[in-house]
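What follows is input_2.txt (compact mmCIF, C-alpha atoms and all ligand atoms).
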# COMPACT_ATOMS: atom_id res chain seq x y z
CA MET W 1 -71.68 -67.41 -135.62
CA LYS W 2 -69.76 -64.23 -134.94
CA LYS W 3 -72.63 -62.13 -136.23
CA ALA W 4 -75.13 -63.95 -134.06
CA ALA W 5 -72.93 -63.34 -131.03
CA ASN W 6 -72.87 -59.65 -131.93
CA VAL W 7 -76.63 -59.51 -132.22
CA PHE W 8 -76.92 -61.29 -128.92
CA GLN W 9 -74.50 -58.83 -127.34
CA THR W 10 -76.36 -55.89 -128.81
CA ILE W 11 -79.66 -57.19 -127.49
CA THR W 12 -78.12 -57.80 -124.06
CA LEU W 13 -76.69 -54.29 -124.07
CA LEU W 14 -80.03 -52.87 -125.20
CA ILE W 15 -81.85 -54.73 -122.43
CA LEU W 16 -79.29 -53.53 -119.93
CA PHE W 17 -79.66 -50.00 -121.28
CA PHE W 18 -83.44 -50.10 -120.87
CA ILE W 19 -83.16 -51.54 -117.38
CA LEU W 20 -80.84 -48.71 -116.40
CA LEU W 21 -83.07 -46.16 -118.12
CA HIS W 22 -86.05 -47.60 -116.29
CA ALA W 23 -84.18 -47.49 -112.97
CA ALA W 24 -83.23 -43.86 -113.62
CA ALA W 25 -86.83 -43.05 -114.48
CA MET W 26 -87.99 -44.83 -111.31
CA ALA W 27 -85.56 -42.81 -109.22
CA GLU W 28 -86.87 -39.63 -110.80
CA ASP W 29 -90.43 -40.74 -110.14
CA ALA W 30 -89.76 -41.10 -106.43
CA ARG W 31 -91.48 -38.07 -104.99
CA PRO W 32 -89.47 -35.81 -102.73
CA PHE W 33 -90.74 -35.37 -99.17
CA ARG W 34 -90.25 -32.29 -97.05
CA ILE W 35 -90.29 -32.89 -93.31
CA VAL W 36 -90.38 -30.13 -90.72
CA LEU W 37 -88.88 -30.94 -87.33
CA ASP W 38 -90.62 -28.78 -84.78
CA PRO W 39 -89.10 -28.87 -81.29
CA GLY W 40 -91.58 -27.24 -78.91
CA HIS W 41 -91.18 -23.87 -77.23
CA GLY W 42 -87.92 -21.96 -76.85
CA GLY W 43 -88.44 -18.36 -75.76
CA TYR W 44 -88.82 -16.68 -72.41
CA PHE W 45 -91.39 -15.73 -69.83
CA LEU W 46 -90.85 -11.98 -69.81
CA ARG W 47 -92.93 -9.02 -68.72
CA PRO W 48 -94.77 -7.05 -69.93
CA PHE W 49 -97.01 -9.47 -71.87
CA SER W 50 -97.98 -6.55 -74.11
CA LYS W 51 -94.48 -6.87 -75.62
CA HIS W 52 -93.37 -10.44 -74.89
CA GLY W 53 -96.55 -12.53 -74.96
CA ASP W 54 -97.80 -14.89 -77.64
CA LYS W 55 -101.03 -15.19 -79.62
CA TYR W 56 -101.11 -11.71 -81.08
CA ASP W 57 -104.62 -10.69 -82.08
CA PHE W 58 -104.41 -8.34 -85.04
CA GLY W 59 -108.06 -7.41 -84.46
CA THR W 60 -107.54 -5.98 -80.98
CA GLY W 61 -103.82 -5.25 -81.37
CA GLU W 62 -102.73 -7.17 -78.28
CA TYR W 63 -101.09 -10.39 -77.13
CA LEU W 64 -103.78 -12.62 -75.65
CA GLN W 65 -101.54 -14.82 -73.50
CA ALA W 66 -98.16 -15.11 -71.83
CA PHE W 67 -95.38 -16.92 -73.68
CA ASN W 68 -95.44 -20.67 -73.00
CA ILE W 69 -91.84 -21.67 -72.26
CA GLY W 70 -92.68 -25.36 -71.80
CA ALA W 71 -91.92 -27.82 -69.01
CA VAL W 72 -88.98 -27.31 -66.64
CA ASN W 73 -87.38 -29.49 -63.95
CA ASN W 74 -84.34 -27.90 -62.31
CA ASN W 75 -81.70 -27.83 -65.05
CA TYR W 76 -83.77 -29.91 -67.48
CA LYS W 77 -85.75 -27.80 -69.89
CA GLU W 78 -88.23 -29.31 -72.32
CA SER W 79 -87.28 -26.73 -74.96
CA GLU W 80 -83.58 -27.65 -74.85
CA LEU W 81 -84.11 -31.42 -74.65
CA VAL W 82 -86.51 -31.58 -77.58
CA TYR W 83 -84.34 -29.18 -79.60
CA GLY W 84 -81.41 -31.55 -79.09
CA MET W 85 -83.55 -34.48 -80.26
CA ALA W 86 -84.72 -32.59 -83.36
CA VAL W 87 -81.11 -31.76 -84.30
CA LEU W 88 -80.14 -35.44 -84.03
CA VAL W 89 -83.12 -36.61 -86.07
CA LYS W 90 -82.23 -34.09 -88.78
CA GLU W 91 -78.58 -35.20 -88.78
CA ILE W 92 -79.61 -38.83 -89.21
CA LEU W 93 -82.12 -38.11 -91.98
CA ASP W 94 -79.58 -35.92 -93.81
CA ARG W 95 -77.02 -38.71 -93.60
CA TRP W 96 -79.49 -41.29 -94.95
CA ASN W 97 -80.76 -39.08 -97.75
CA GLU W 98 -80.35 -40.43 -101.31
CA LYS W 99 -79.36 -43.86 -100.03
CA PRO W 100 -81.47 -46.88 -100.99
CA LEU W 101 -83.88 -47.96 -98.26
CA GLY W 102 -82.39 -51.46 -98.34
CA GLU W 103 -79.01 -50.10 -97.20
CA ILE W 104 -80.52 -48.22 -94.26
CA GLY W 105 -82.67 -51.24 -93.48
CA ALA W 106 -79.63 -53.56 -93.41
CA GLN W 107 -77.78 -51.21 -91.08
CA ASN W 108 -80.77 -50.99 -88.75
CA ASN W 109 -82.22 -54.48 -88.94
CA LEU W 110 -85.45 -53.29 -90.51
CA ALA W 111 -87.15 -54.56 -93.69
CA PHE W 112 -88.48 -51.82 -95.94
CA SER W 113 -91.33 -52.68 -98.30
CA ASP W 114 -89.33 -51.42 -101.31
CA PRO W 115 -85.58 -51.78 -100.57
CA ASN W 116 -84.60 -50.36 -103.98
CA GLN W 117 -86.38 -47.08 -103.37
CA LYS W 118 -83.99 -44.20 -102.82
CA ILE W 119 -84.65 -41.92 -99.89
CA ASN W 120 -85.60 -38.45 -101.11
CA ILE W 121 -86.28 -36.16 -98.18
CA GLU W 122 -85.49 -32.66 -97.04
CA ALA W 123 -85.53 -32.26 -93.27
CA ILE W 124 -85.93 -28.73 -91.94
CA LEU W 125 -85.55 -27.52 -88.37
CA ILE W 126 -88.13 -24.82 -87.80
CA ARG W 127 -86.58 -22.86 -84.92
CA PRO W 128 -83.16 -21.85 -83.58
CA PRO W 129 -81.81 -23.17 -80.26
CA ASP W 130 -82.66 -21.45 -76.98
CA MET W 131 -80.64 -18.31 -76.32
CA LYS W 132 -78.51 -17.50 -73.29
CA MET W 133 -79.68 -14.87 -70.82
CA GLU W 134 -76.97 -12.42 -71.89
CA GLU W 135 -78.05 -12.72 -75.53
CA ILE W 136 -81.67 -12.02 -74.63
CA SER W 137 -81.08 -8.73 -72.87
CA ALA W 138 -79.71 -7.11 -76.02
CA LEU W 139 -82.85 -7.91 -78.02
CA GLU W 140 -86.01 -5.88 -78.46
CA ASP W 141 -88.19 -9.00 -78.93
CA PRO W 142 -86.30 -12.15 -77.87
CA ASN W 143 -89.39 -14.35 -78.32
CA ALA W 144 -89.72 -13.51 -82.00
CA PRO W 145 -88.06 -16.66 -83.46
CA TYR W 146 -90.04 -18.97 -81.13
CA ARG W 147 -93.58 -17.59 -81.44
CA LEU W 148 -96.28 -19.99 -82.59
CA TYR W 149 -98.45 -17.24 -84.09
CA ASP W 150 -97.80 -14.21 -86.32
CA TYR W 151 -96.64 -11.07 -84.52
CA PRO W 152 -96.05 -7.40 -85.29
CA GLU W 153 -92.60 -5.92 -85.82
CA ALA W 154 -92.04 -2.31 -86.89
CA GLY W 155 -95.59 -2.08 -88.26
CA LYS W 156 -95.26 -5.29 -90.28
CA ARG W 157 -96.89 -8.69 -89.80
CA MET W 158 -94.17 -11.26 -89.22
CA PRO W 159 -94.82 -15.00 -89.69
CA GLY W 160 -94.85 -17.10 -86.54
CA ARG W 161 -93.84 -20.74 -86.45
CA ILE W 162 -97.16 -22.07 -87.83
CA SER W 163 -97.06 -19.63 -90.77
CA ARG W 164 -93.43 -20.48 -91.46
CA ILE W 165 -94.35 -24.17 -91.53
CA ASN W 166 -97.23 -23.45 -93.92
CA ALA W 167 -94.92 -21.43 -96.20
CA LEU W 168 -92.63 -24.47 -96.49
CA LYS W 169 -95.57 -26.67 -97.59
CA PRO W 170 -94.20 -29.84 -95.96
CA GLU W 171 -95.84 -33.25 -96.17
CA LEU W 172 -95.04 -34.14 -92.55
CA VAL W 173 -94.44 -32.08 -89.40
CA VAL W 174 -92.94 -33.84 -86.40
CA SER W 175 -93.53 -31.83 -83.23
CA LEU W 176 -91.52 -32.93 -80.21
CA HIS W 177 -92.55 -32.08 -76.65
CA MET W 178 -92.10 -33.24 -73.08
CA ARG W 179 -94.22 -32.50 -70.05
CA ASN W 180 -94.10 -32.17 -66.31
CA LYS W 181 -95.67 -35.20 -64.66
CA TYR W 182 -99.45 -35.01 -64.53
CA PHE W 183 -99.52 -37.46 -61.60
CA ASP W 184 -96.98 -39.19 -59.35
CA ASN W 185 -96.27 -42.29 -61.40
CA ASP W 186 -96.45 -40.52 -64.75
CA TYR W 187 -93.90 -41.41 -67.41
CA GLY W 188 -93.73 -42.40 -71.06
CA GLY W 189 -94.96 -40.94 -74.31
CA LEU W 190 -98.32 -39.85 -75.55
CA ALA W 191 -99.97 -38.57 -78.71
CA ILE W 192 -101.62 -35.16 -79.00
CA LEU W 193 -104.40 -35.10 -81.52
CA VAL W 194 -107.12 -32.81 -82.79
CA PRO W 195 -110.59 -34.28 -83.35
CA PRO W 196 -112.30 -33.88 -86.74
CA ALA W 197 -114.79 -31.10 -87.45
CA SER W 198 -117.47 -33.74 -88.05
CA PHE W 199 -117.17 -34.82 -84.39
CA LEU W 200 -117.33 -31.20 -83.23
CA ARG W 201 -120.47 -30.65 -85.31
CA GLU W 202 -122.15 -33.74 -83.86
CA ILE W 203 -121.42 -32.75 -80.31
CA VAL W 204 -122.63 -29.18 -80.88
CA ASN W 205 -125.87 -30.47 -82.40
CA ALA W 206 -126.33 -33.01 -79.61
CA SER W 207 -125.70 -30.40 -76.94
CA TYR W 208 -128.86 -28.46 -77.95
CA GLU W 209 -130.83 -31.47 -76.72
CA PHE W 210 -128.69 -32.04 -73.67
CA ARG W 211 -129.72 -28.97 -71.67
CA ASP W 212 -131.04 -29.78 -68.20
CA LYS W 213 -131.08 -33.53 -68.78
CA PRO W 214 -130.57 -35.34 -65.46
CA VAL W 215 -127.53 -37.36 -66.63
CA ALA W 216 -123.79 -36.79 -66.61
CA PRO W 217 -122.74 -35.15 -69.88
CA LYS W 218 -120.31 -37.88 -70.88
CA GLN W 219 -122.93 -40.55 -70.32
CA TYR W 220 -125.46 -38.55 -72.32
CA PHE W 221 -123.15 -37.96 -75.28
CA ALA W 222 -122.01 -41.57 -75.26
CA GLY W 223 -125.67 -42.44 -75.85
CA VAL W 224 -126.34 -40.06 -78.73
CA LEU W 225 -123.10 -39.67 -80.71
CA SER W 226 -122.33 -41.88 -83.69
CA ARG W 227 -120.22 -44.86 -82.70
CA GLU W 228 -117.25 -43.67 -84.73
CA TYR W 229 -116.92 -40.58 -82.53
CA LEU W 230 -117.00 -42.29 -79.13
CA PRO W 231 -113.19 -42.59 -78.79
CA TYR W 232 -112.96 -38.79 -78.69
CA LEU W 233 -115.06 -38.71 -75.50
CA ASP W 234 -112.65 -40.91 -73.57
CA TRP W 235 -109.68 -38.67 -73.43
CA PHE W 236 -108.74 -35.41 -71.69
CA VAL W 237 -107.55 -37.69 -68.94
CA PHE W 238 -104.90 -35.46 -67.45
CA GLU W 239 -106.63 -32.20 -66.63
CA ARG W 240 -107.04 -31.76 -62.92
CA GLY W 241 -110.26 -30.38 -61.49
CA ARG W 242 -112.24 -30.42 -64.73
CA SER W 243 -114.38 -33.17 -66.23
CA GLU W 244 -113.74 -34.47 -69.74
CA MET W 245 -116.91 -32.75 -70.88
CA ASP W 246 -115.91 -29.40 -69.36
CA CYS W 247 -112.72 -29.57 -71.39
CA ILE W 248 -114.48 -30.52 -74.60
CA ALA W 249 -117.14 -27.84 -74.17
CA GLU W 250 -114.57 -25.13 -73.45
CA ASP W 251 -112.40 -26.08 -76.41
CA ILE W 252 -115.36 -26.17 -78.77
CA ALA W 253 -116.66 -22.81 -77.55
CA ILE W 254 -113.30 -21.16 -78.27
CA TYR W 255 -112.98 -22.95 -81.60
CA LEU W 256 -116.39 -21.72 -82.76
CA THR W 257 -116.73 -18.29 -81.20
CA GLY W 258 -113.34 -17.18 -79.90
CA TYR W 259 -114.83 -16.91 -76.39
CA ALA W 260 -114.35 -19.24 -73.41
CA ASN W 261 -117.23 -20.67 -71.38
CA LYS W 262 -118.42 -19.19 -68.11
CA LYS W 263 -116.93 -21.37 -65.36
CA GLY W 264 -118.87 -24.59 -64.91
CA THR W 265 -121.40 -23.82 -67.64
CA TYR W 266 -121.83 -24.34 -71.37
CA VAL W 267 -122.54 -20.63 -71.91
CA ILE W 268 -119.84 -18.41 -73.44
CA ASP W 269 -118.42 -15.56 -71.40
CA LEU W 270 -118.27 -12.38 -73.50
CA GLN W 271 -115.54 -11.01 -71.21
CA GLU W 272 -113.27 -13.98 -71.96
CA TYR W 273 -112.06 -13.41 -75.49
CA LYS W 274 -109.42 -15.96 -76.54
CA GLY W 275 -109.06 -14.95 -80.18
CA PHE W 276 -109.72 -16.42 -83.61
CA ARG W 277 -106.59 -18.51 -83.93
CA GLU W 278 -107.08 -19.15 -87.62
CA ASN W 279 -106.61 -15.39 -88.13
CA MET W 280 -103.27 -15.44 -86.31
CA VAL W 281 -101.58 -17.49 -89.02
CA THR W 282 -100.83 -16.65 -92.66
CA TRP W 283 -102.93 -18.86 -94.92
CA PRO W 284 -106.00 -18.58 -97.15
CA TYR W 285 -108.45 -19.94 -94.56
CA GLN W 286 -108.94 -16.97 -92.26
CA ARG W 287 -112.33 -15.75 -91.15
CA SER W 288 -113.39 -12.86 -93.32
CA GLU W 289 -114.97 -11.05 -90.38
CA THR W 290 -112.84 -8.59 -88.48
CA ALA W 291 -115.54 -7.93 -85.86
CA ARG W 292 -115.71 -10.21 -82.86
CA ASP W 293 -119.09 -11.56 -83.83
CA LEU W 294 -120.34 -14.91 -82.71
CA TYR W 295 -119.87 -17.44 -85.35
CA TYR W 296 -120.79 -21.08 -84.98
CA ILE W 297 -120.43 -23.32 -87.97
CA ASN W 298 -120.78 -21.33 -91.19
CA ARG W 299 -120.27 -23.68 -94.12
CA GLU W 300 -119.56 -20.72 -96.44
CA ALA W 301 -116.63 -19.41 -94.39
CA PRO W 302 -113.11 -20.24 -95.64
CA PHE W 303 -112.06 -21.74 -92.32
CA PHE W 304 -114.98 -24.17 -92.27
CA ILE W 305 -114.71 -24.99 -95.97
CA ARG W 306 -111.25 -26.27 -95.05
CA GLU W 307 -112.41 -27.85 -91.80
CA PHE W 308 -115.03 -29.98 -93.57
CA SER W 309 -112.88 -30.84 -96.57
CA ARG W 310 -112.25 -34.52 -97.24
CA PHE W 311 -108.56 -33.86 -96.62
CA GLU W 312 -109.09 -32.66 -93.04
CA GLU W 313 -111.41 -35.58 -92.42
CA LYS W 314 -108.66 -37.99 -93.53
CA ARG W 315 -106.00 -36.09 -91.63
CA ARG W 316 -108.02 -36.19 -88.40
CA HIS W 317 -110.56 -39.03 -88.48
CA GLY W 318 -110.73 -42.75 -89.16
CA GLY W 319 -107.59 -44.20 -90.70
CA PRO W 320 -105.46 -47.19 -89.73
CA GLU W 321 -106.28 -46.85 -86.00
CA GLY W 322 -110.02 -46.37 -86.54
CA PHE W 323 -109.96 -42.81 -85.20
CA GLY W 324 -107.71 -39.76 -85.15
CA GLY W 325 -106.93 -40.08 -88.87
CA ASP W 326 -103.48 -39.99 -90.40
CA ASN W 327 -102.26 -37.52 -87.76
CA TYR W 328 -102.90 -39.98 -84.98
CA TYR W 329 -101.49 -42.92 -86.92
CA ALA W 330 -98.29 -40.97 -87.68
CA THR W 331 -97.89 -39.97 -84.03
CA ILE W 332 -98.61 -43.35 -82.50
CA GLU W 333 -96.35 -45.10 -85.04
CA LEU W 334 -93.39 -42.93 -84.04
CA LEU W 335 -94.12 -43.65 -80.36
CA ARG W 336 -94.36 -47.38 -81.13
CA PHE W 337 -91.05 -47.24 -82.98
CA ILE W 338 -89.47 -45.73 -79.86
CA LYS W 339 -91.03 -48.26 -77.49
CA TRP W 340 -90.37 -51.29 -79.71
CA ARG W 341 -86.78 -50.33 -80.43
CA THR W 342 -85.87 -49.58 -76.81
CA VAL W 343 -86.80 -53.24 -76.20
CA THR W 344 -85.18 -54.80 -79.29
CA GLU W 345 -82.00 -52.74 -78.79
CA GLY W 346 -81.89 -53.69 -75.11
CA LEU W 347 -81.82 -50.10 -73.80
CA ARG W 348 -83.25 -51.11 -70.42
CA ILE W 349 -85.59 -48.14 -70.36
CA ASN W 350 -89.04 -48.43 -68.88
CA TYR W 351 -91.21 -46.86 -71.54
CA ARG W 352 -94.93 -46.88 -72.14
CA ILE W 353 -97.44 -45.19 -74.40
CA ASN W 354 -100.19 -43.45 -72.45
CA TYR W 355 -103.73 -42.44 -73.38
CA SER W 356 -103.70 -39.74 -76.00
CA PHE W 357 -104.46 -36.15 -75.20
CA ILE W 358 -107.17 -34.78 -77.41
CA SER W 359 -107.58 -31.07 -77.76
CA LEU W 360 -107.96 -28.32 -80.35
CA TRP W 361 -104.29 -27.35 -80.20
CA SER W 362 -103.24 -24.82 -82.72
CA LEU W 363 -100.32 -26.45 -84.43
CA PRO W 364 -101.90 -29.73 -85.51
CA LEU W 365 -105.07 -27.81 -86.42
CA HIS W 366 -103.68 -24.95 -88.49
CA ILE W 367 -101.28 -26.79 -90.80
CA ASN W 368 -102.19 -28.84 -93.88
CA ALA W 369 -99.32 -31.28 -93.35
CA ILE W 370 -99.66 -34.61 -91.55
CA SER W 371 -98.98 -33.73 -87.93
CA ALA W 372 -97.08 -36.18 -85.74
CA TYR W 373 -97.35 -34.43 -82.39
CA LEU W 374 -95.46 -36.38 -79.72
CA GLU W 375 -94.88 -35.92 -76.08
CA LEU W 376 -91.76 -38.01 -75.63
CA GLY W 377 -92.06 -38.21 -71.85
CA CYS W 378 -91.73 -36.23 -68.61
CA VAL W 379 -88.86 -33.87 -67.78
CA ASP W 380 -89.20 -35.08 -64.17
CA SER W 381 -89.10 -38.83 -64.86
CA ASP W 382 -85.64 -40.42 -64.60
CA SER W 383 -86.32 -43.08 -67.23
CA ASP W 384 -87.76 -40.59 -69.72
CA LEU W 385 -84.75 -38.33 -69.18
CA LEU W 386 -82.43 -41.24 -70.05
CA LEU W 387 -84.20 -41.52 -73.37
CA VAL W 388 -83.42 -37.92 -74.34
CA THR W 389 -79.97 -37.61 -72.71
CA LYS W 390 -77.83 -40.76 -72.41
CA HIS W 391 -79.71 -42.58 -75.21
CA ALA W 392 -80.61 -39.48 -77.25
CA ARG W 393 -78.78 -40.71 -80.36
CA SER W 394 -80.58 -44.08 -80.29
CA THR W 395 -83.95 -42.45 -79.65
CA ALA W 396 -83.38 -40.06 -82.57
CA SER W 397 -82.62 -43.01 -84.85
CA PHE W 398 -85.84 -44.77 -83.74
CA ILE W 399 -87.79 -41.62 -84.64
CA ALA W 400 -85.94 -41.33 -87.97
CA LEU W 401 -86.73 -44.98 -88.82
CA GLY W 402 -90.35 -44.34 -87.91
CA ILE W 403 -90.41 -41.36 -90.27
CA LEU W 404 -89.03 -43.49 -93.12
CA SER W 405 -91.68 -46.11 -92.34
CA LEU W 406 -94.46 -43.49 -92.62
CA LEU W 407 -93.04 -42.26 -95.92
CA TYR W 408 -92.14 -45.57 -97.57
CA GLY W 409 -93.56 -48.45 -95.52
CA THR W 410 -91.78 -51.23 -93.62
CA ASP W 411 -92.44 -54.94 -93.13
CA VAL W 412 -92.35 -55.08 -89.37
CA PRO W 413 -92.55 -58.47 -87.65
CA VAL W 414 -95.76 -59.09 -85.75
CA GLU W 415 -94.51 -58.68 -82.19
CA ARG W 416 -95.81 -57.18 -79.03
CA ASP W 417 -95.53 -53.36 -79.10
CA ALA W 418 -94.24 -53.38 -82.69
CA PRO W 419 -95.39 -50.62 -85.02
CA ARG W 420 -97.70 -51.50 -87.91
CA GLY W 421 -95.21 -50.36 -90.51
CA GLY W 422 -97.71 -49.21 -93.14
CA ARG W 423 -96.93 -46.09 -95.14
CA LEU W 424 -99.38 -43.24 -95.22
CA ASP W 425 -101.58 -42.77 -98.27
CA TRP W 426 -99.71 -39.67 -99.45
CA GLU W 427 -101.31 -39.77 -102.91
CA TYR W 428 -104.76 -39.17 -101.44
CA TYR W 429 -103.86 -35.59 -100.52
CA GLY W 430 -103.00 -34.43 -104.06
CA ASP W 431 -101.90 -30.79 -103.79
CA TYR W 432 -103.43 -30.29 -100.33
CA PHE W 433 -99.98 -29.92 -98.74
CA ASP W 434 -99.42 -26.92 -101.04
CA ILE W 435 -102.27 -25.16 -99.22
CA PRO W 436 -104.73 -24.71 -102.10
CA ALA W 437 -106.89 -21.59 -102.35
CA VAL W 438 -110.37 -21.76 -100.81
CA GLU W 439 -112.07 -21.85 -104.24
CA ASN W 440 -110.11 -24.97 -105.19
CA LEU W 441 -111.01 -26.68 -101.92
CA GLN W 442 -114.65 -25.71 -102.43
CA LYS W 443 -114.63 -27.38 -105.87
CA GLU W 444 -113.17 -30.52 -104.23
CA ASN W 445 -115.95 -30.52 -101.63
CA GLU W 446 -118.75 -30.35 -104.24
ZN ZN R 501 -94.49 -28.62 -74.80
Would you mind giving the structure from this file in structure tokens?
Amino acid sequence: MKKAANVFQTITLLILFFILLHAAAMAEDARPFRIVLDPGHGGYFLRPFSKHGDKYDFGTGEYLQAFNIGAVNNNYKESELVYGMAVLVKEILDRWNEKPLGEIGAQNNLAFSDPNQKINIEAILIRPPDMKMEEISALEDPNAPYRLYDYPEAGKRMPGRISRINALKPELVVSLHMRNKYFDNDYGGLAILVPPASFLREIVNASYEFRDKPVAPKQYFAGVLSREYLPYLDWFVFERGRSEMDCIAEDIAIYLTGYANKKGTYVIDLQEYKGFRENMVTWPYQRSETARDLYYINREAPFFIREFSRFEEKRRHGGPEGFGGDNYYATIELLRFIKWRTVTEGLRINYRINYSFISLWSLPLHINAISAYLELGCVDSDSDLLLVTKHARSTASFIALGILSLLYGTDVPVERDAPRGGRLDWEYYGDYFDIPAVENLQKENE
């Protein structure tokens, strides 16, 4: 009898041992995620632009635009408010790191799909805080740490924010912005998203036929574009004095050729050079040409090999929302987490999610990571300001929960304004976040 008990004990111990071993192996299997927190702007509007601008064109050796310091309303600065939010989000994620999801879920009244999964994330803040005026005056180039694009320093090419993000090879980049009101009753969040190259190609092809047709451009394109691309025509809602089509045409012209359109036409203006933005960041997908030649879609060029890769298509098109790809889903989920939680936590904040803003903005476009690009609200709306001042800590925790949901998945109750809770299909991207060489992407495309 004694022997049998021993055998039984041994077996129990062995089973326990294997369970523990299995658990350890599972924990090791859990992939690490790197998340870049990217608070917009920082930096200063200083003259001359030749020294203090942004968008340095290494071809012409000049800055192509003034530094964009972001939205300001009296003492409220977008750059400082979103920096503060990014710091809080990082603090929260750091505190949660290595804890089981179930523990964080219990603390926050949220059901994660796999409560035993340990959180394994590294959160990185991509820029320093704003500097004080007296600190600036001592510096040769005070905008250096805040620049979006690469810039020259003592004859060397220094990496701007986009290149620094690419060097980190993160899975997810959360960009935080605020805006000045576009119209009187403007408030609430919105998503910024870049359309897929396949949409841009369709609209370019369709525009050859459009010339001189007696219909409004939007109406025309709505009639000829594939159904799946129609949502991209409906946006650009906030630009004053320009039609949606003017905005699309201008963006596409710059994207393809580096030149802007002549005012009110679909013809490029050779005096209006805006630069090849993909050459202003450090990555393998630059245009090989150094001359300012006109370009259009060249399927052999590194930039377009990347643009038409299946990874960019998934990042930017289709997906859980039916358009906008994983970028849009990630962005709108974080906004829904904010809106839903302000209600469930009883914050008494009037929040809404507005129509998205679609444009060929550089940061979502020139990184391989999933881009959640949020405008949290308006710096001149009282309720939006509450969200990032008085309730900043709560808002940061809503964003942090949303990030965990994108990484690991949550079981969110079906309620009005609730997020969907589904995790992103991270496995699909393979080594794409590591920024593979063009040849490897080309093989993938074949
Ligand atoms: Zn901004």
Exercise for review: Considering all atoms listed in the file, return as a PyMOL selection string whatever protein or nucleic-acid residues lie within 7 Å of stretch 51-61 of chain W, sequence-local ones (same chain, fewer than 5 positions apart) excluded.
Suggested key: chain W and resi 46+66-67+141+143+147+149-151+275+280+290
Practice item. Kindly indicate which residue among W:Asp114, W:Glu78, W:Glu415, W:Glu171 lies nearest to W:Asp130, using all atoms listed in the file for the distances. Key: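 Of the candidates, the smallest distance to W:Asp130 is held by W:Glu78.
Considering all atoms listed in the file, the residue among W:Trp361, W:Arg287, W:Lys314, W:Lys156 positioned nearest to ligand ZN 501 (chain R) is W:Trp361.
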Review point. W:Pro32: which residues within 8 Å, counting all atoms listed in the file, same-chain residues fewer than 5 positions away excluded, as a ChimeraX atom specification?
Key: /W:120-122
Residues from the last selection, C-alpha atoms, saved as a compact mmCIF listing (two decimals), in the frame of the given file:
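After the write, part-v6.txt holds the following:
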# COMPACT_ATOMS: atom_id res chain seq x y z
CA ASN W 120 -85.60 -38.45 -101.11
CA ILE W 121 -86.28 -36.16 -98.18
CA GLU W 122 -85.49 -32.66 -97.04
Around stretch 165-171 of chain W, fit a box with edges along x, y and z, padding it by 6 Å on each side, then list its centre and edge lengths in Å to one decimal as AutoDock Vina command-line options.
--center_x -94.9 --center_y -27.3 --center_z -94.6 --size_x 16.6 --size_y 23.8 --size_z 18.1
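Shell of W:Ser381 at 10 Å, with all atoms listed in the file counted and residues fewer than 5 places along the chain excluded, is Asn73, Arg179, Asn180, Lys181, Asp184, Asn185, Asp186, Tyr187, Gly188 and Leu386 of chain W.
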Point to revise | Atom-to-atom span, atom CA of W:Val36 and atom CA of W:Arg277, Å | key: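 Answer for the atom CA of W:Val36 to atom CA of W:Arg277 separation: 21.1 Å.
Take atom CA of W:Ile92 and atom CA of W:Asn327: the distance between them is 22.7 Å.
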**Study point:** Nearby residues, ligand ZN 501 (chain R), 7 Å, all atoms listed in the file, as a list in words
**Key:** Gly40, His41, Gly70, Ala71, Glu78, His177, Met178 and Arg179 of chain W
Review point. What is the atom CA of W:Phe337 to atom CA of W:Leu387 distance in Å?
Key: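 Separation between atom CA of W:Phe337 and atom CA of W:Leu387: 13.1 Å.
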Review point. Quick one: of W:Glu313, W:Ile248, W:Gly160, W:Ala260, who's nearest to W:Val281, counting all atoms listed in the file?
Key: W:Gly160
Exercise for review: Find the residues around W:Arg95 up to 12 Å (all atoms listed in the file counted), leave out those fewer than 4 positions away in its own chain, and share them as a PyMOL selection string.
Suggested key: chain W and resi 88-91+99-100+104+119-123+397+400
Practice item. Compare W:Ala253, W:Ile399, W:Ala138, W:Ile305 by their minimum atom-to-atom distance to W:Leu176, counting all atoms listed in the file, and give me the closest one. Key: W:Ile399
Review point. Which residues, written as a list of chain:residue names, have at least one atom at most 9 Å from W:Leu404, with all atoms listed in the file counted and residues fewer than 5 positions away on the same chain left out?
Key: W:Leu93, W:Leu101, W:Phe112, W:Ile119, W:Ile399, W:Gly409, W:Thr410, W:Arg423
Point to revise | Closest of W:Gly402, W:Pro413, W:Pro231, W:Pro436 to W:Pro195 - atom-to-atom distances counting all atoms listed in the file | key: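 Answer, going by the shortest atom-to-atom distance: W:Pro231.
Nearest residue to W:Gly43 among W:Phe311, W:Tyr146, W:Phe398, W:Tyr229 is W:Tyr146, counting only C-alpha atoms.
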